[in-house]
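Right, one structure below, let's go through it.
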Amino acid sequence: MNQLQVADYIVFFIYFIAVTSYGYYIYHKKKSATTSSKDFFLAEGSLTWWAIGASLIASNISAEHFIGMSGSGFALGLAISTYEWMAAATLIIVAIFFIPVYLKNKIFTMPQFLSKRYNDKVSTIMAVFWLLVYVFVNLTSIIYLGALAISSISTISFEWSIVGLVFFSLFVTLGGMKVIGYTDVVQVVVLIIGGLVTTYLALSLLSEQYGFGKDIFKGLSILRKEAPEHFHMIFNSSNKYYKELPGLSVLFGGMLVNNLAYWGCNQYIVQRALGADLKTARKGILFAAFLKLLVPVIAVLPGIVMYVLHSKGMFQREMADAAGTLKPDHAYPTLMNLLPAGLKGIAFAALTAAVVASLAGKANSISTIFSLDIYKKYFNKEASERKMVL
């Protein structure tokens, strides 16, 4: 599947150089200026609502998200989109009820909120727990799965993919939340453009295969006709994938609780909004909810298209592993390889952008919790603001 052309790599490296240069520039600018820990970790309260919203989405989506959602679209259909649409509904709840409490109490970190609500012991337990989870579970899995995705669709080896992702993310992280926030806007724009181009190509190809030319609306109607079972949003108990998404119970049970925890109590997510005023923070979160509604269009729909094309006898070899076993997660990389040179580079940059945004955001959250809830509290109570940032 690794068929990127020279033009694709040129597009990708232009994007890479632009983002890393911006991160390094802001880092040196802050290094020579007096910067408080709040300024560094919360972007000086300068993130606009659209930057907050874009950053929330960029932090949430990674390369495996695209590949996994398309694979689930291939196997399960549109029902997997409930994860995205429930997240959008949850973000509205967070904007109305959670964020006002955090901003009113001048909360910088989630452990700090527990310290105000309970005591320092509970706060420290929470801080240590999240640091362990972020470092040994989230960070490592994002790097591993991201490198796996990149190496599967390019000529870059798995090992060099890891090195590149870490290096790329480091430069973005150096500038603090302000750089992360505004580079995330670029990441999301690239992500959406790359995703929409891939979806357009998939629907055009489907329409063409059925003799209607490159008509994406015909492609949509063909999808509904050829794969009606892939457009059920709620599975009943007789569905073979019921255990994957057990009907309404998953929506108002575990998925709701999990979404509230993830979007409302997760340092990695809410940190984007903590430096803003209430109006800006709310608008940013609601913008993120809107963007969440688009994810199924750019991630799930291509997977359903690939299901129909595969059922028609196309891409049999590409959708199987060496042993000939069907692999739904091959859907998105297979579609990417159909893009013309240059556009494929944009799609590749979009996947890489998703990984880098997740890594940089996670690294910033780790440093925020460690600096404010561990280092300042237990190791160096007199630490200066400059020391905290550096």
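In the structure tokens, chains take the letters A, B, ... in the order shown, each chain's residues start at 1, and ligands count up from 1 in the order shown.
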Do you know which residues are at most 7 Å from stretch 57-70 of chain A counting only C-alpha atoms, after dropping those on the same chain fewer than 4 positions away, and could you put them as a list in words? Gly53, Phe74, Leu145, Gly146, Ala149, Asp184, Gln187, Val188, Ala288, Ala299, Val300, Pro302, Gly303, Asp329, Ala331, Tyr332, Leu351, Thr352, Ala354, Val355, Ala357, Ser358 and Gly361 of chain A
Output the selection as a PDB file, in the first residue's frame - C-alpha atoms for each residue.
ATOM      1  CA  GLY A  53     -12.778  24.177  19.006  1.00  0.00           C
ATOM      2  CA  PHE A  74     -16.768  -1.184   6.445  1.00  0.00           C
ATOM      3  CA  LEU A 145      -0.423   3.146  16.382  1.00  0.00           C
ATOM      4  CA  GLY A 146       0.438   6.391  14.598  1.00  0.00           C
ATOM      5  CA  ALA A 149      -0.473   3.778  10.274  1.00  0.00           C
ATOM      6  CA  ASP A 184      -4.104  22.545  15.684  1.00  0.00           C
ATOM      7  CA  GLN A 187      -3.987  20.449  11.494  1.00  0.00           C
ATOM      8  CA  VAL A 188      -7.802  20.380  11.489  1.00  0.00           C
ATOM      9  CA  ALA A 288     -15.935  21.381  18.494  1.00  0.00           C
ATOM     10  CA  ALA A 299     -14.040   8.771   8.256  1.00  0.00           C
ATOM     11  CA  VAL A 300     -17.036   6.393   8.306  1.00  0.00           C
ATOM     12  CA  PRO A 302     -15.380   5.997   2.970  1.00  0.00           C
ATOM     13  CA  GLY A 303     -15.453   2.686   4.838  1.00  0.00           C
ATOM     14  CA  ASP A 329      -8.908  -1.524   8.584  1.00  0.00           C
ATOM     15  CA  ALA A 331     -10.208   0.442   3.763  1.00  0.00           C
ATOM     16  CA  TYR A 332      -8.832   3.952   4.332  1.00  0.00           C
ATOM     17  CA  LEU A 351      -3.145  11.598   9.059  1.00  0.00           C
ATOM     18  CA  THR A 352       0.250  12.715  10.356  1.00  0.00           C
ATOM     19  CA  ALA A 354      -3.794  14.025  13.621  1.00  0.00           C
ATOM     20  CA  VAL A 355      -1.050  12.016  15.341  1.00  0.00           C
ATOM     21  CA  ALA A 357      -1.739  17.069  17.449  1.00  0.00           C
ATOM     22  CA  SER A 358      -2.594  14.229  19.829  1.00  0.00           C
ATOM     23  CA  GLY A 361      -1.492  17.966  23.392  1.00  0.00           C
TER      24      GLY A 361
END
Per residue of stretch 128-150 of chain A within 12 Å of stretch 253-276 of chain A, what are the shortest atom pair and its distance in Å to one decimal, counting only C-alpha atoms, with rows by chain and residue number, as CSV?
residue,atom,partner,partner_atom,distance
A:Trp130,CA,A:Gln267,CA,8.7
A:Leu131,CA,A:Gln267,CA,10.4
A:Val133,CA,A:Tyr268,CA,11.5
A:Tyr134,CA,A:Tyr268,CA,8.9
A:Asn138,CA,A:Tyr268,CA,10.5
A:Leu139,CA,A:Tyr268,CA,11.4
Take the residues from that selection and write them out as a short mmCIF file (atom, residue, chain, number, x, y, z; two decimals), in the first residue's frame, keeping N, CA and C atoms.
data_model
loop_
_atom_site.label_atom_id
_atom_site.label_comp_id
_atom_site.auth_asym_id
_atom_site.auth_seq_id
_atom_site.Cartn_x
_atom_site.Cartn_y
_atom_site.Cartn_z
N TRP A 130 -3.12 10.07 36.62
CA TRP A 130 -3.22 10.55 35.24
C TRP A 130 -1.86 10.63 34.57
N LEU A 131 -0.82 10.97 35.33
CA LEU A 131 0.52 10.99 34.75
C LEU A 131 0.92 9.60 34.27
N VAL A 133 -1.12 7.11 33.45
CA VAL A 133 -1.96 6.74 32.31
C VAL A 133 -1.51 7.46 31.04
N TYR A 134 -1.27 8.78 31.15
CA TYR A 134 -0.87 9.55 29.98
C TYR A 134 0.47 9.07 29.41
N ASN A 138 -1.51 6.23 27.11
CA ASN A 138 -1.92 7.10 26.00
C ASN A 138 -0.77 7.47 25.06
N LEU A 139 0.30 8.01 25.63
CA LEU A 139 1.41 8.50 24.81
C LEU A 139 2.03 7.37 23.99
#
Do you have the atom CA of A:Leu201-atom CA of A:Tyr83 distance handy?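 Going from atom CA of A:Leu201 over to atom CA of A:Tyr83 covers 24.6 Å.
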With a distance cut-off of 10 Å and only C-alpha atoms, select the neighbouring residues of A:Leu339, excluding the residue or stretch itself and same-chain residues fewer than 5 positions from it, and output the selection as number ranges by chain. A: 4, 197-198, 201-202, 334, 344-347
So which one's closest to A:Thr280, A:Ala54, A:Ala79, A:Met126, A:Leu47? Using only C-alpha atoms, please.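 Looking at the shortest contact to A:Thr280, the residue is A:Leu47.
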To one decimal place, how far is atom CA of A:Thr82 from atom CA of A:Glu226 in Å? 21.7 Å
Any idea what the distance is between atom CA of A:Phe13 and atom CA of A:Met336? 17.9 Å
Selected residue, from A:Ser151, A:Ala323, A:Ser81, A:Val356, that lies nearest to A:Phe167 when counting only C-alpha atoms: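 Comparing A:Ser151, A:Ala323, A:Ser81, A:Val356 against A:Phe167, the winner is A:Val356.
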Of the candidates A:Thr140, A:Thr199, A:Ser169, A:Thr109, which shows the shortest atom-to-atom distance to A:Leu294, using only C-alpha atoms?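 Of the candidates, the smallest distance to A:Leu294 is held by A:Thr199.
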Shortest interatomic distance to A:Ser237 - which of A:Ser249, A:Gln112, A:Ser21, A:Thr90, counting only C-alpha atoms: A:Ser249
So which one's closest to A:Trp49, A:Pro111, A:Gly284, A:Gly211, A:Pro228? Using only C-alpha atoms, please. A:Gly284
All helix (DSSP H, G or I) positions in stretch 89-310 of chain A, as a PyMOL selection string: chain A and resi 89-104+110-117+120-153+158-174+176-209+216-226+228-231+247-252+254-264+267-274+278-310
Which of these, A:Tyr22, A:Tyr102, A:Tyr182, A:Tyr375, has the shortest distance to A:Ile52 once you count only C-alpha atoms?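 Under the stated criterion, the closest residue is A:Tyr182.
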May I have the residues within 12 Å of A:Ile96 as a PyMOL selection string, using only C-alpha atoms and disregarding those fewer than 5 positions away in the same chain? chain A and resi 89-91+101-102+264+278-279+281-283+285-286
Please produce a file of the residues just selected, as an mmCIF file, in the first residue's frame, where the atoms kept are N, CA and C atoms.
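The resulting out_13.cif:
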data_model
loop_
_atom_site.group_PDB
_atom_site.id
_atom_site.type_symbol
_atom_site.label_atom_id
_atom_site.label_comp_id
_atom_site.auth_asym_id
_atom_site.auth_seq_id
_atom_site.Cartn_x
_atom_site.Cartn_y
_atom_site.Cartn_z
ATOM 1 N N ALA A 89 -23.105 15.715 21.555
ATOM 2 C CA ALA A 89 -24.122 16.009 22.573
ATOM 3 C C ALA A 89 -23.474 16.243 23.934
ATOM 4 N N THR A 90 -22.452 15.456 24.248
ATOM 5 C CA THR A 90 -21.757 15.592 25.527
ATOM 6 C C THR A 90 -21.037 16.928 25.620
ATOM 7 N N LEU A 91 -20.453 17.381 24.520
ATOM 8 C CA LEU A 91 -19.756 18.668 24.515
ATOM 9 C C LEU A 91 -20.699 19.821 24.848
ATOM 10 N N VAL A 101 -18.037 26.121 36.034
ATOM 11 C CA VAL A 101 -17.513 25.770 37.364
ATOM 12 C C VAL A 101 -15.991 25.871 37.373
ATOM 13 N N TYR A 102 -15.351 25.357 36.340
ATOM 14 C CA TYR A 102 -13.888 25.396 36.270
ATOM 15 C C TYR A 102 -13.368 26.830 36.195
ATOM 16 N N GLY A 264 -15.328 16.153 29.757
ATOM 17 C CA GLY A 264 -15.565 17.102 30.838
ATOM 18 C C GLY A 264 -14.576 17.072 31.975
ATOM 19 N N LEU A 278 -15.508 32.796 29.771
ATOM 20 C CA LEU A 278 -16.610 31.840 29.653
ATOM 21 C C LEU A 278 -17.253 31.851 28.269
ATOM 22 N N LYS A 279 -17.495 33.038 27.729
ATOM 23 C CA LYS A 279 -18.157 33.131 26.424
ATOM 24 C C LYS A 279 -17.312 32.476 25.327
ATOM 25 N N ALA A 281 -14.854 30.254 25.724
ATOM 26 C CA ALA A 281 -14.717 28.817 25.992
ATOM 27 C C ALA A 281 -15.954 28.056 25.520
ATOM 28 N N ARG A 282 -17.125 28.595 25.831
ATOM 29 C CA ARG A 282 -18.371 27.921 25.426
ATOM 30 C C ARG A 282 -18.507 27.863 23.911
ATOM 31 N N LYS A 283 -18.219 28.976 23.250
ATOM 32 C CA LYS A 283 -18.313 28.992 21.784
ATOM 33 C C LYS A 283 -17.329 28.001 21.165
ATOM 34 N N ILE A 285 -16.160 25.204 22.530
ATOM 35 C CA ILE A 285 -16.621 23.832 22.775
ATOM 36 C C ILE A 285 -17.790 23.489 21.855
ATOM 37 N N LEU A 286 -18.685 24.439 21.647
ATOM 38 C CA LEU A 286 -19.813 24.200 20.735
ATOM 39 C C LEU A 286 -19.334 24.055 19.288
#
